[in-house]
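**Student:** Sharing a structure, written as structure tokens. Questions coming.
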Amino acid sequence: MNNLTHLKYLSLGINEFTGQLPLDLCHGGVLEDFIVDHNYFSGSIPKSLKNCTSLYRVSLDWNQLTGNISEVFGVYPHLDYIDLSYNNFYGELSSKWGDYRNMTSLKISNNNVSGEIPPELGKATQLHLIDLSSNQLKGAIPKDLGGLKLLYKLLLNNNHLSGAIPLDIKMLSNLQILNLASNNLSGLIPKQLGECSNLLLLNLSGNKFRESIPGEIGFLLSLQDLDLSCNFLTREIPRQLGQLQRLETLNVSHNMLSGRIPSTFKDMLSLTTVDISSNKLQGPIPDIKAFHNASFEALRDNMGICGNASGLKPCNLPRSSKTVNKLVVLIALPLLGSLLLVFVVIGALFILCKRARKRNAEPENEQDRNTFTILGHDGKKLYENIVEATEEFNSNYCIGEGGYGTVYKAVMPTEQVVAVKKLHRSQTEKLSDFKAFEKEVCVLANIRHRNIVKMYGFCSHAKHSFLVYEFIERGSLRKIITSEEQAIEFDWRRRLNVVKGVGGALSYLHHSCSPPIIHRDITSNNILLDLEYEAHVSDFGTARLLMTDSSNWTSFAGTFGYTAPELAYTMKVTEKCDVYSFGVVTMEVMTGRHPGDLISALLSPGSSSSSSMPPIAQHALLKDVLDHRISLPKKGAAEGVVHMMKIALVCLHANPQSRPTMEKISFELTTKWPPLPKAFCTISLGDLFS
């Protein structure tokens, strides 16, 4: 191919090519379109491209290419479109990107690009789309980007950007999508955002914005998705947000918002998904479908909201003569109670003094070991409540057992139910640096994802040590699959949604957490289902907490049947180990049993070459291996099942480097299972179900 001196168009996209790209593709100097996306190309960019001034369209995304991004690209006066996403490029963005005056799309997401965003980028005035998400960028967002009048999509999420949003953002009148999530941005949310009248999506979650939500957000009448979660926002929700008649998704969770939800929300009839959890809100929820259908998880942890929704108390009825009498009683009772409280306090002080004397007699090192890291709670009190609720961890409260400890169900005095993993003593004896351990607990307890079990914290006592998690009602995926009765209720749509949920959770742990978290033990036993059959990945932090060397697998061998084959000889755990386990679980969900024999047949030496996955059809029709306890999937569900099985096959590739990332998998799954690119396909729907 280096001899093609008149080559103008080269399109090799969506295949399974590996190895390096030819060095002299632009030998003739006339190459315009260079398309090699969705392959497994590695190595660096061909040197001849640096001086290839004829380039018009470049698509290198979804490969394994590397190189310093500030050195491998030249100046291309005719360049219209460039996509370098999902590779391993590093280095810093050069100011020369501003010289591409005809460029309409710049995509460099999901790489390791560092440094700051060059202000000169504001000179590329034809830009319609900028995607620099999921890199290591730092510094402020340049105000010069306000000069990009044609820009309709700006994605800077999942970086380390800091400072305030520049007020020049108001100049982006054509902006439709603005995603600045998961950075270190701070200050106030600028009211000038209200002048970006064409916005459809605004995501500012996972930053450090403070004070109130500007009422000017209510001027964004075209807005469909608004996410302001995980900030430090205070005061009341502005009533102007009720003007967002087209809003479909609203997330203001994990802030410090107070007061009542505005009555204007009753007019937001397009709203379908809402999350107001972990604030200080009170009063009735709006009388609209989005709030009535919201899960308790989306409404919990507020000061006192009420209404017709899952887990909420009904609001008080208007007062009558009977309620007035009740109020008299309610006023009198606290007065009597306060007198009783005086006697209780005196008695409690006596008991505490007695305990203090006893405690002083204990060795100091035992006292020093008592660590209580429960976010938002009195750790010592919670420790006592849990010990009491489980009757000193009586086996009657046991709901499961794993490699690190035994899990108990505990009903707290507040009637909140939690899951308590009491660690084996052999595990806690390994802990030496409790300060580092406590810090790690805080990191894990702040992880928030709808498909990850929420971790409340940790109690370490000389007598008992345990982790505290939210309680998930239906229990483990394995329990559902192995029960004949429950497996029948577990239909194909629910199964597809479970796989999507697990994929999203692992993508979050691998690509949105800093540093990345490798689960190490993805099994059907560590995936829990709630009442709506939504998946919640559990035990995501146990291995990280209890193992000082996160790269060493020898001290934890995972679960037999789910661990990646390379661990037998590398003894090193990587994200690709989780990808393999995800593939096993996906097949388990679809077949209704652990797919050990099927995997052995698929990966046997004679079934395929090392470079591609074997078609299932060589061994059995897909319909023969699916769970026979429910009828075969039909129409959209059937396409989804085929889609999932193809992804599972790629995840089980013997070569870890040939397995896709969880971010790539999650992206495929969240597109509602359309036909996959050819890189994923080895079999057709007709072949599998005929």
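Every chain in the structure tokens has a letter given in the order shown (A, B, ...), and although residue numbers restart at 1 in each chain, ligands are simply numbered from 1 in the order shown.
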Identify all residues of region 37-119 of chain A in helix (DSSP H, G or I) (DSSP on the backbone) and supply them as a VMD selection string.
**Tutor:** chain A and resid 47 to 51 95 to 99 119
**Student:** Pick out the residues sitting within 6 Å of region 389-399 of chain A, and hand them over as number ranges by chain; count only C-alpha atoms, and ignore anything fewer than 2 positions along from it in its own chain.
**Tutor:** A: 385-387, 407-410
**Student:** Compare A:Asn15, A:Thr5, A:Ser483, A:Ser162 by their minimum atom-to-atom distance to Val30 (chain A), counting only C-alpha atoms, and give me the closest one.
**Tutor:**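 Nearest candidate to Val30 (chain A) out of A:Asn15, A:Thr5, A:Ser483, A:Ser162: A:Thr5.
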**Student:** So which residues touch Leu233 (chain A) within 8 Å, counting only C-alpha atoms, skipping near sequence neighbours fewer than 6 positions away, as a list of chain:residue names?
**Tutor:**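 My reading of the contact set: A:Phe209, A:Arg210, A:Glu211, A:Ser212, A:Ile213, A:Asn255, A:Met256, A:Leu257.
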**Student:** Quick one: of A:Lys143, A:Gly596, A:Asp83, A:Tyr90, who's nearest to Asp131 (chain A), counting only C-alpha atoms?
**Tutor:**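 Closest to Asp131 (chain A) of all the choices is A:Asp83.
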